[in-house]
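What's in target-v7.cif: mmCIF, N, CA and C atoms
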```cif
data_upload
#
loop_
_atom_site.label_atom_id
_atom_site.label_comp_id
_atom_site.auth_asym_id
_atom_site.auth_seq_id
_atom_site.Cartn_x
_atom_site.Cartn_y
_atom_site.Cartn_z
N MET A 605 50.09 47.15 -36.57
CA MET A 605 51.47 47.13 -36.11
C MET A 605 52.07 48.52 -36.34
N LEU A 606 52.71 49.01 -35.30
CA LEU A 606 53.41 50.29 -35.43
C LEU A 606 54.79 50.11 -36.05
N LYS A 607 55.50 49.05 -35.59
CA LYS A 607 56.84 48.81 -36.14
C LYS A 607 57.29 47.39 -35.80
N LYS A 608 57.98 46.79 -36.77
CA LYS A 608 58.57 45.46 -36.60
C LYS A 608 60.05 45.64 -36.32
N TYR A 609 60.53 44.95 -35.30
CA TYR A 609 61.94 44.96 -34.95
C TYR A 609 62.50 43.56 -35.18
N LYS A 610 63.76 43.35 -34.84
CA LYS A 610 64.39 42.05 -35.08
C LYS A 610 63.71 40.95 -34.26
N HIS A 611 63.44 41.20 -32.97
CA HIS A 611 62.90 40.17 -32.08
C HIS A 611 61.47 40.44 -31.61
N TRP A 612 61.00 41.65 -31.79
CA TRP A 612 59.71 42.08 -31.24
C TRP A 612 58.90 42.84 -32.27
N SER A 613 57.61 42.96 -32.01
CA SER A 613 56.74 43.81 -32.80
C SER A 613 56.01 44.75 -31.84
N LEU A 614 55.86 46.00 -32.26
CA LEU A 614 55.23 47.02 -31.43
C LEU A 614 53.84 47.33 -32.01
N TYR A 615 52.83 47.25 -31.15
CA TYR A 615 51.44 47.45 -31.56
C TYR A 615 50.77 48.50 -30.69
N LEU A 616 49.78 49.16 -31.26
CA LEU A 616 48.84 49.95 -30.48
C LEU A 616 47.83 48.94 -29.94
N SER A 617 47.63 48.95 -28.64
CA SER A 617 46.67 48.02 -28.03
C SER A 617 45.27 48.31 -28.55
N PRO A 618 44.49 47.26 -28.83
CA PRO A 618 43.13 47.48 -29.29
C PRO A 618 42.23 48.06 -28.19
N LYS A 619 42.64 47.93 -26.94
CA LYS A 619 41.88 48.49 -25.82
C LYS A 619 42.55 49.80 -25.40
N GLN A 620 41.87 50.91 -25.64
CA GLN A 620 42.45 52.22 -25.41
C GLN A 620 41.83 52.94 -24.21
N TYR A 621 41.58 52.21 -23.12
CA TYR A 621 41.12 52.89 -21.90
C TYR A 621 42.19 53.90 -21.48
N TYR A 622 43.45 53.49 -21.55
CA TYR A 622 44.59 54.38 -21.31
C TYR A 622 45.10 54.78 -22.68
N ILE A 623 44.79 55.99 -23.08
CA ILE A 623 45.05 56.42 -24.44
C ILE A 623 46.54 56.28 -24.80
N GLY A 624 46.78 55.58 -25.90
CA GLY A 624 48.14 55.34 -26.36
C GLY A 624 48.75 54.05 -25.83
N LYS A 625 48.00 53.25 -25.09
CA LYS A 625 48.54 52.00 -24.54
C LYS A 625 49.15 51.16 -25.65
N LEU A 626 50.37 50.69 -25.42
CA LEU A 626 51.10 49.92 -26.41
C LEU A 626 51.32 48.49 -25.93
N ARG A 627 51.56 47.63 -26.88
CA ARG A 627 51.89 46.24 -26.59
C ARG A 627 53.14 45.87 -27.39
N ILE A 628 54.12 45.30 -26.70
CA ILE A 628 55.36 44.83 -27.34
C ILE A 628 55.32 43.30 -27.29
N VAL A 629 55.29 42.66 -28.46
CA VAL A 629 55.10 41.22 -28.54
C VAL A 629 56.36 40.55 -29.07
N LEU A 630 56.82 39.54 -28.33
CA LEU A 630 57.99 38.77 -28.74
C LEU A 630 57.63 37.95 -29.98
N ASP A 631 58.50 37.97 -30.99
CA ASP A 631 58.25 37.22 -32.21
C ASP A 631 58.56 35.72 -32.05
N ARG A 632 59.52 35.39 -31.19
CA ARG A 632 59.88 33.98 -30.98
C ARG A 632 58.72 33.28 -30.29
N LYS A 633 58.28 32.20 -30.85
CA LYS A 633 57.10 31.47 -30.36
C LYS A 633 57.44 30.58 -29.16
N GLY A 634 56.43 30.30 -28.35
CA GLY A 634 56.55 29.35 -27.26
C GLY A 634 57.14 29.91 -25.98
N ILE A 635 57.38 31.19 -25.91
CA ILE A 635 57.97 31.80 -24.71
C ILE A 635 56.86 32.48 -23.92
N VAL A 636 56.77 32.14 -22.64
CA VAL A 636 55.78 32.75 -21.75
C VAL A 636 56.48 33.56 -20.67
N ASP A 637 57.48 32.98 -20.06
CA ASP A 637 58.16 33.57 -18.90
C ASP A 637 59.31 34.48 -19.33
N MET A 638 59.38 35.65 -18.71
CA MET A 638 60.45 36.60 -19.07
C MET A 638 61.84 36.05 -18.79
N CYS A 639 61.96 35.10 -17.90
CA CYS A 639 63.27 34.51 -17.58
C CYS A 639 63.81 33.65 -18.72
N GLU A 640 62.97 33.37 -19.71
CA GLU A 640 63.40 32.61 -20.88
C GLU A 640 63.92 33.49 -22.01
N LEU A 641 63.89 34.80 -21.81
CA LEU A 641 64.36 35.71 -22.85
C LEU A 641 65.88 35.63 -23.00
N ARG A 642 66.33 35.78 -24.22
CA ARG A 642 67.76 35.83 -24.53
C ARG A 642 68.26 37.27 -24.35
N LYS A 643 69.55 37.43 -24.17
CA LYS A 643 70.12 38.76 -23.94
C LYS A 643 69.76 39.74 -25.06
N ALA A 644 69.88 39.30 -26.30
CA ALA A 644 69.56 40.18 -27.43
C ALA A 644 68.10 40.62 -27.39
N GLU A 645 67.21 39.73 -26.97
CA GLU A 645 65.79 40.06 -26.86
C GLU A 645 65.55 41.07 -25.74
N ILE A 646 66.24 40.89 -24.62
CA ILE A 646 66.12 41.82 -23.49
C ILE A 646 66.63 43.20 -23.89
N ASP A 647 67.79 43.23 -24.52
CA ASP A 647 68.37 44.51 -24.94
C ASP A 647 67.43 45.25 -25.89
N GLU A 648 66.87 44.51 -26.84
CA GLU A 648 65.97 45.15 -27.80
C GLU A 648 64.66 45.58 -27.12
N LEU A 649 64.18 44.79 -26.18
CA LEU A 649 62.97 45.16 -25.44
C LEU A 649 63.14 46.50 -24.73
N ILE A 650 64.27 46.69 -24.09
CA ILE A 650 64.54 47.96 -23.39
C ILE A 650 64.57 49.10 -24.40
N LYS A 651 65.21 48.88 -25.53
CA LYS A 651 65.28 49.91 -26.59
C LYS A 651 63.88 50.28 -27.08
N ILE A 652 63.05 49.28 -27.36
CA ILE A 652 61.69 49.53 -27.87
C ILE A 652 60.84 50.21 -26.81
N THR A 653 61.00 49.82 -25.56
CA THR A 653 60.26 50.46 -24.47
C THR A 653 60.58 51.94 -24.41
N LYS A 654 61.84 52.29 -24.53
CA LYS A 654 62.24 53.70 -24.52
C LYS A 654 61.67 54.44 -25.73
N ILE A 655 61.69 53.81 -26.89
CA ILE A 655 61.14 54.41 -28.10
C ILE A 655 59.64 54.64 -27.93
N GLY A 656 58.94 53.64 -27.43
CA GLY A 656 57.50 53.77 -27.21
C GLY A 656 57.17 54.86 -26.20
N LYS A 657 57.93 54.92 -25.13
CA LYS A 657 57.70 55.95 -24.11
C LYS A 657 57.90 57.34 -24.71
N ARG A 658 59.00 57.53 -25.43
CA ARG A 658 59.25 58.84 -26.05
C ARG A 658 58.14 59.24 -27.00
N ALA A 659 57.67 58.28 -27.79
CA ALA A 659 56.59 58.56 -28.75
C ALA A 659 55.31 58.98 -28.02
N LEU A 660 54.99 58.30 -26.93
CA LEU A 660 53.78 58.63 -26.18
C LEU A 660 53.90 59.99 -25.48
N VAL A 661 55.10 60.30 -25.00
CA VAL A 661 55.31 61.62 -24.38
C VAL A 661 55.04 62.71 -25.41
N LYS A 662 55.56 62.54 -26.60
CA LYS A 662 55.35 63.55 -27.65
C LYS A 662 53.90 63.60 -28.12
N ALA A 663 53.25 62.44 -28.20
CA ALA A 663 51.89 62.39 -28.74
C ALA A 663 50.83 62.82 -27.73
N PHE A 664 50.97 62.41 -26.44
CA PHE A 664 49.89 62.63 -25.47
C PHE A 664 50.34 63.17 -24.12
N ASN A 665 51.65 63.27 -23.91
CA ASN A 665 52.21 63.81 -22.67
C ASN A 665 51.64 63.17 -21.40
N PRO A 666 51.78 61.84 -21.23
CA PRO A 666 51.31 61.19 -20.02
C PRO A 666 52.02 61.72 -18.78
N ASP A 667 51.39 61.56 -17.64
CA ASP A 667 51.97 62.00 -16.37
C ASP A 667 52.79 60.91 -15.70
N LEU A 668 52.60 59.67 -16.12
CA LEU A 668 53.25 58.52 -15.49
C LEU A 668 53.16 57.34 -16.46
N PHE A 669 54.05 56.37 -16.29
CA PHE A 669 53.99 55.15 -17.09
C PHE A 669 53.97 53.93 -16.18
N ASN A 670 53.16 52.95 -16.52
CA ASN A 670 53.20 51.63 -15.91
C ASN A 670 53.68 50.67 -16.99
N TYR A 671 54.43 49.66 -16.59
CA TYR A 671 54.92 48.63 -17.49
C TYR A 671 54.51 47.29 -16.90
N ALA A 672 53.99 46.40 -17.74
CA ALA A 672 53.49 45.14 -17.18
C ALA A 672 53.68 43.99 -18.16
N THR A 673 53.96 42.83 -17.58
CA THR A 673 53.89 41.57 -18.31
C THR A 673 53.20 40.59 -17.38
N LEU A 674 52.13 39.98 -17.85
CA LEU A 674 51.32 39.14 -16.97
C LEU A 674 51.21 37.71 -17.49
N GLY A 675 50.71 37.54 -18.68
CA GLY A 675 50.57 36.20 -19.25
C GLY A 675 49.32 35.46 -18.79
N ASN A 676 48.41 36.14 -18.12
CA ASN A 676 47.21 35.46 -17.63
C ASN A 676 46.23 35.12 -18.75
N CYS A 677 46.08 35.99 -19.69
CA CYS A 677 45.10 35.78 -20.77
C CYS A 677 45.75 35.31 -22.06
N ILE A 678 46.89 35.86 -22.38
CA ILE A 678 47.61 35.49 -23.60
C ILE A 678 48.89 34.79 -23.19
N ARG A 679 49.00 33.52 -23.51
CA ARG A 679 50.16 32.73 -23.11
C ARG A 679 51.29 32.83 -24.14
N HIS A 680 51.71 34.06 -24.36
CA HIS A 680 52.86 34.34 -25.22
C HIS A 680 53.49 35.61 -24.68
N HIS A 681 54.80 35.65 -24.61
CA HIS A 681 55.45 36.75 -23.92
C HIS A 681 55.24 38.09 -24.63
N HIS A 682 54.72 39.03 -23.86
CA HIS A 682 54.50 40.39 -24.36
C HIS A 682 54.51 41.35 -23.18
N TRP A 683 54.71 42.61 -23.47
CA TRP A 683 54.73 43.67 -22.47
C TRP A 683 53.70 44.73 -22.81
N HIS A 684 53.20 45.38 -21.78
CA HIS A 684 52.30 46.51 -21.96
C HIS A 684 53.04 47.78 -21.52
N ILE A 685 52.94 48.81 -22.32
CA ILE A 685 53.35 50.15 -21.91
C ILE A 685 52.04 50.90 -21.68
N ILE A 686 51.81 51.28 -20.42
CA ILE A 686 50.52 51.86 -20.05
C ILE A 686 50.73 53.30 -19.61
N PRO A 687 50.40 54.24 -20.49
CA PRO A 687 50.51 55.65 -20.11
C PRO A 687 49.38 56.01 -19.15
N ARG A 688 49.70 56.78 -18.13
CA ARG A 688 48.70 57.17 -17.12
C ARG A 688 48.55 58.68 -17.13
N TYR A 689 47.33 59.12 -16.86
CA TYR A 689 46.98 60.53 -17.00
C TYR A 689 46.27 61.06 -15.76
N LYS A 690 46.83 62.10 -15.21
CA LYS A 690 46.22 62.76 -14.05
C LYS A 690 44.95 63.50 -14.47
N ASN A 691 44.96 64.05 -15.69
CA ASN A 691 43.83 64.81 -16.21
C ASN A 691 43.38 64.21 -17.54
N LYS A 692 42.15 64.49 -17.91
CA LYS A 692 41.58 63.94 -19.13
C LYS A 692 42.35 64.40 -20.37
N ARG A 693 42.25 63.61 -21.42
CA ARG A 693 42.76 63.95 -22.74
C ARG A 693 41.59 63.83 -23.71
N ILE A 694 41.61 64.62 -24.75
CA ILE A 694 40.54 64.58 -25.75
C ILE A 694 41.16 64.31 -27.12
N VAL A 695 40.63 63.30 -27.79
CA VAL A 695 41.05 62.97 -29.15
C VAL A 695 39.79 62.79 -29.98
N ASN A 696 39.70 63.50 -31.07
CA ASN A 696 38.55 63.38 -31.97
C ASN A 696 37.23 63.59 -31.21
N LYS A 697 37.24 64.56 -30.32
CA LYS A 697 36.07 64.93 -29.50
C LYS A 697 35.67 63.83 -28.51
N ARG A 698 36.53 62.83 -28.33
CA ARG A 698 36.28 61.76 -27.35
C ARG A 698 37.10 62.05 -26.11
N ILE A 699 36.49 61.91 -24.96
CA ILE A 699 37.18 62.16 -23.69
C ILE A 699 37.77 60.85 -23.18
N PHE A 700 39.06 60.90 -22.85
CA PHE A 700 39.76 59.79 -22.23
C PHE A 700 40.15 60.24 -20.83
N LYS A 701 39.58 59.62 -19.81
CA LYS A 701 39.86 59.98 -18.43
C LYS A 701 40.33 58.74 -17.68
N ASP A 702 41.44 58.86 -17.01
CA ASP A 702 42.02 57.77 -16.22
C ASP A 702 41.37 57.77 -14.84
N ASN A 703 40.29 57.02 -14.71
CA ASN A 703 39.56 56.95 -13.43
C ASN A 703 40.29 56.13 -12.38
N HIS A 704 41.40 55.51 -12.77
CA HIS A 704 42.19 54.72 -11.83
C HIS A 704 43.50 55.42 -11.44
N TRP A 705 43.58 56.72 -11.73
CA TRP A 705 44.81 57.46 -11.42
C TRP A 705 45.22 57.20 -9.98
N ASN A 706 46.50 56.97 -9.77
CA ASN A 706 47.09 56.67 -8.46
C ASN A 706 46.71 55.30 -7.93
N ASN A 707 46.20 54.44 -8.78
CA ASN A 707 45.86 53.07 -8.43
C ASN A 707 46.38 52.15 -9.53
N PRO A 708 46.39 50.84 -9.29
CA PRO A 708 46.83 49.92 -10.34
C PRO A 708 46.01 50.08 -11.62
N ALA A 709 46.63 49.76 -12.73
CA ALA A 709 45.98 49.91 -14.04
C ALA A 709 44.88 48.88 -14.26
N TRP A 710 44.94 47.78 -13.52
CA TRP A 710 43.92 46.73 -13.69
C TRP A 710 43.11 46.59 -12.42
N PRO A 711 41.85 46.17 -12.51
CA PRO A 711 41.14 45.95 -13.76
C PRO A 711 40.68 47.27 -14.36
N ASN A 712 40.55 47.29 -15.66
CA ASN A 712 39.97 48.49 -16.30
C ASN A 712 38.77 48.05 -17.11
N PRO A 713 37.85 48.95 -17.33
CA PRO A 713 36.61 48.57 -18.01
C PRO A 713 36.74 48.41 -19.51
N GLY A 714 37.90 48.65 -20.05
CA GLY A 714 38.03 48.63 -21.51
C GLY A 714 37.33 49.86 -22.07
N LYS A 715 37.53 50.13 -23.30
CA LYS A 715 36.88 51.30 -23.90
C LYS A 715 36.69 51.02 -25.37
N LYS A 716 35.46 51.06 -25.80
CA LYS A 716 35.16 50.92 -27.23
C LYS A 716 35.53 52.24 -27.90
N VAL A 717 36.44 52.16 -28.83
CA VAL A 717 36.90 53.36 -29.52
C VAL A 717 36.60 53.16 -31.01
N ASP A 718 35.95 54.13 -31.60
CA ASP A 718 35.59 54.03 -33.02
C ASP A 718 36.85 54.01 -33.89
N LYS A 719 36.69 53.50 -35.10
CA LYS A 719 37.83 53.32 -36.02
C LYS A 719 38.56 54.63 -36.32
N LYS A 720 37.80 55.71 -36.50
CA LYS A 720 38.43 56.99 -36.82
C LYS A 720 39.32 57.46 -35.67
N THR A 721 38.83 57.36 -34.44
CA THR A 721 39.61 57.77 -33.28
C THR A 721 40.83 56.86 -33.11
N MET A 722 40.65 55.56 -33.30
CA MET A 722 41.79 54.63 -33.22
C MET A 722 42.85 55.00 -34.25
N GLN A 723 42.42 55.36 -35.46
CA GLN A 723 43.37 55.74 -36.51
C GLN A 723 44.12 57.01 -36.14
N ILE A 724 43.42 57.97 -35.53
CA ILE A 724 44.08 59.21 -35.10
C ILE A 724 45.12 58.90 -34.03
N ILE A 725 44.76 58.06 -33.06
CA ILE A 725 45.71 57.68 -32.00
C ILE A 725 46.91 56.96 -32.63
N TYR A 726 46.64 55.99 -33.51
CA TYR A 726 47.69 55.25 -34.19
C TYR A 726 48.63 56.20 -34.94
N ASP A 727 48.06 57.10 -35.71
CA ASP A 727 48.86 58.03 -36.52
C ASP A 727 49.72 58.94 -35.64
N LYS A 728 49.17 59.41 -34.53
CA LYS A 728 49.94 60.28 -33.63
C LYS A 728 51.15 59.55 -33.05
N VAL A 729 50.94 58.30 -32.65
CA VAL A 729 52.04 57.52 -32.08
C VAL A 729 53.03 57.12 -33.18
N LYS A 730 52.53 56.63 -34.30
CA LYS A 730 53.38 56.18 -35.41
C LYS A 730 54.30 57.30 -35.88
N MET A 731 53.77 58.52 -35.93
CA MET A 731 54.56 59.66 -36.38
C MET A 731 55.78 59.89 -35.47
N GLU A 732 55.69 59.48 -34.22
CA GLU A 732 56.77 59.72 -33.27
C GLU A 732 57.71 58.54 -33.10
N ILE A 733 57.39 57.39 -33.69
CA ILE A 733 58.25 56.20 -33.59
C ILE A 733 59.45 56.39 -34.50
N LYS A 734 60.63 56.36 -33.90
CA LYS A 734 61.86 56.55 -34.68
C LYS A 734 62.65 55.27 -34.70
#
```

Translate the structure described by the file into structure tokens.
Amino acid sequence: MLKKYKHWSLYLSPKQYYIGKLRIVLDRKGIVDMCELRKAEIDELIKITKIGKRALVKAFNPDLFNYATLGNCIRHHHWHIIPRYKNKRIVNKRIFKDNHWNNPAWPNPGKKVDKKTMQIIYDKVKMEIK
């Protein structure tokens, strides 16, 4: 977890095909559809999204952002902040290349990232979360 808020929790996604991909998870249980969100939850979601975007800009300088909520695999309301990159990025000597640039973010092949590289990504983003 990067940070706990009143209604949401911000996480670094375990799948780092798009380096720095974040997940914002609603703490209130049983909610799937975004239309069930309360005003305070919506307001905080927008705030966290902006915080996450700013942190990713400082950490990895993405060229574009995609935002998504689907609910197909996990039946609990959450959002994805998906940074997109026109050119490759290198972290811990690992190359991250967005082979889907200018196309939808899904499907993606996933990316196995070693613990040390995940920790470096986590630390870079965490340092920028205000």

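If you measure from each of A:Lys730, A:Ile623, A:Glu645, A:Val717 to Lys610 (chain A) using all atoms listed in the file, the closest one turns out to be A:Glu645.
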
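Remark: for Arg632 (chain A), the closest of the candidate residues A:Leu668, A:Trp710, A:His681, A:Lys662 is A:His681 (distances computed over all atoms listed in the file).
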
Subject >> Per-residue DSSP, chain A, filtered to alpha helix (DSSP H), as JSON, numbers by chain >> reply: {"A": [643, 644, 645, 646, 647, 648, 649, 650, 651, 652, 653, 654, 655, 656, 657, 658, 659, 660, 661, 662, 663, 664, 719, 720, 721, 722, 723, 724, 725, 726, 727, 728, 729, 730, 731, 732]}

**OP:** Name the residues of region 652-707 of chain A that fall into strand (DSSP E or B) according to DSSP on the backbone, using the chain letters and numbers of this document, as number ranges by chain.
**Re:** A: 668-672, 682-688, 693-695, 698-700

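Using only C-alpha atoms, the contacts of Ala659 (chain A) at a cut-off of 8 Å, with sequence neighbours closer than 5 positions omitted, comprise Val729, Lys730, Met731, Glu732 and Ile733 of chain A.
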
Residues from last step as file, N, CA and C atoms, as an mmCIF file, in the coordinates of the input:
```cif
data_model
loop_
_atom_site.group_PDB
_atom_site.id
_atom_site.type_symbol
_atom_site.label_atom_id
_atom_site.label_comp_id
_atom_site.auth_asym_id
_atom_site.auth_seq_id
_atom_site.Cartn_x
_atom_site.Cartn_y
_atom_site.Cartn_z
ATOM 1 N N VAL A 729 50.940 58.300 -32.650
ATOM 2 C CA VAL A 729 52.040 57.520 -32.080
ATOM 3 C C VAL A 729 53.030 57.120 -33.180
ATOM 4 N N LYS A 730 52.530 56.630 -34.300
ATOM 5 C CA LYS A 730 53.380 56.180 -35.410
ATOM 6 C C LYS A 730 54.300 57.300 -35.880
ATOM 7 N N MET A 731 53.770 58.520 -35.930
ATOM 8 C CA MET A 731 54.560 59.660 -36.380
ATOM 9 C C MET A 731 55.780 59.890 -35.470
ATOM 10 N N GLU A 732 55.690 59.480 -34.220
ATOM 11 C CA GLU A 732 56.770 59.720 -33.270
ATOM 12 C C GLU A 732 57.710 58.540 -33.100
ATOM 13 N N ILE A 733 57.390 57.390 -33.690
ATOM 14 C CA ILE A 733 58.250 56.200 -33.590
ATOM 15 C C ILE A 733 59.450 56.390 -34.500
#
```

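With atom C of Gly714 (chain A) on one side and atom C of Gln620 (chain A) on the other, the separation reads 5.9 Å.
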
**OP:** Would you mind telling me which residue in A:His680, A:Asp718, A:Arg688, A:Ile646 lies nearest to Pro666 (chain A) when using all atoms listed in the file?
**Re:** A:Arg688

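Applied to the shown file, the PyMOL selection byres ((chain A and resi 615-618) around 6.5) selects the residues Met605, Leu606, Lys607, Ser613, Leu614, Lys619, Gln620, Gly624, Lys625, Leu626, Arg627, Ile628 and Val629 of chain A.
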
Output check: residues returned by the PyMOL selection byres ((chain A and resi 701) around 6.5), as a PDB file with N, CA and C atoms, in the frame of the given file:
```pdb
ATOM      1  N   TYR A 621      41.580  52.210 -23.120  1.00  0.00           N
ATOM      2  CA  TYR A 621      41.120  52.890 -21.900  1.00  0.00           C
ATOM      3  C   TYR A 621      42.190  53.900 -21.480  1.00  0.00           C
ATOM      4  N   ASN A 691      44.960  64.050 -15.690  1.00  0.00           N
ATOM      5  CA  ASN A 691      43.830  64.810 -16.210  1.00  0.00           C
ATOM      6  C   ASN A 691      43.380  64.210 -17.540  1.00  0.00           C
ATOM      7  N   LYS A 692      42.150  64.490 -17.910  1.00  0.00           N
ATOM      8  CA  LYS A 692      41.580  63.940 -19.130  1.00  0.00           C
ATOM      9  C   LYS A 692      42.350  64.400 -20.370  1.00  0.00           C
ATOM     10  N   ARG A 693      42.250  63.610 -21.420  1.00  0.00           N
ATOM     11  CA  ARG A 693      42.760  63.950 -22.740  1.00  0.00           C
ATOM     12  C   ARG A 693      41.590  63.830 -23.710  1.00  0.00           C
ATOM     13  N   ILE A 699      36.490  61.910 -24.960  1.00  0.00           N
ATOM     14  CA  ILE A 699      37.180  62.160 -23.690  1.00  0.00           C
ATOM     15  C   ILE A 699      37.770  60.850 -23.180  1.00  0.00           C
ATOM     16  N   PHE A 700      39.060  60.900 -22.850  1.00  0.00           N
ATOM     17  CA  PHE A 700      39.760  59.790 -22.230  1.00  0.00           C
ATOM     18  C   PHE A 700      40.150  60.240 -20.830  1.00  0.00           C
ATOM     19  N   ASP A 702      41.440  58.860 -17.010  1.00  0.00           N
ATOM     20  CA  ASP A 702      42.020  57.770 -16.220  1.00  0.00           C
ATOM     21  C   ASP A 702      41.370  57.770 -14.840  1.00  0.00           C
ATOM     22  N   ASN A 703      40.290  57.020 -14.710  1.00  0.00           N
ATOM     23  CA  ASN A 703      39.560  56.950 -13.430  1.00  0.00           C
ATOM     24  C   ASN A 703      40.290  56.130 -12.380  1.00  0.00           C
ATOM     25  N   HIS A 704      41.400  55.510 -12.770  1.00  0.00           N
ATOM     26  CA  HIS A 704      42.190  54.720 -11.830  1.00  0.00           C
ATOM     27  C   HIS A 704      43.500  55.420 -11.440  1.00  0.00           C
TER      28      HIS A 704
END
```

Original post:
So how far away is CA of Ile655 (chain A) from CA of Lys728 (chain A), in Å?
Top reply: 13.8 Å

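Atom to atom, CA of Asn670 (chain A) and CA of Ile686 (chain A) stand 4.9 Å apart.
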
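Distances from A:Leu649, A:His684, A:Lys690, A:Thr721 to Lys608 (chain A) were compared using only C-alpha atoms, and the smallest one belongs to A:Leu649.
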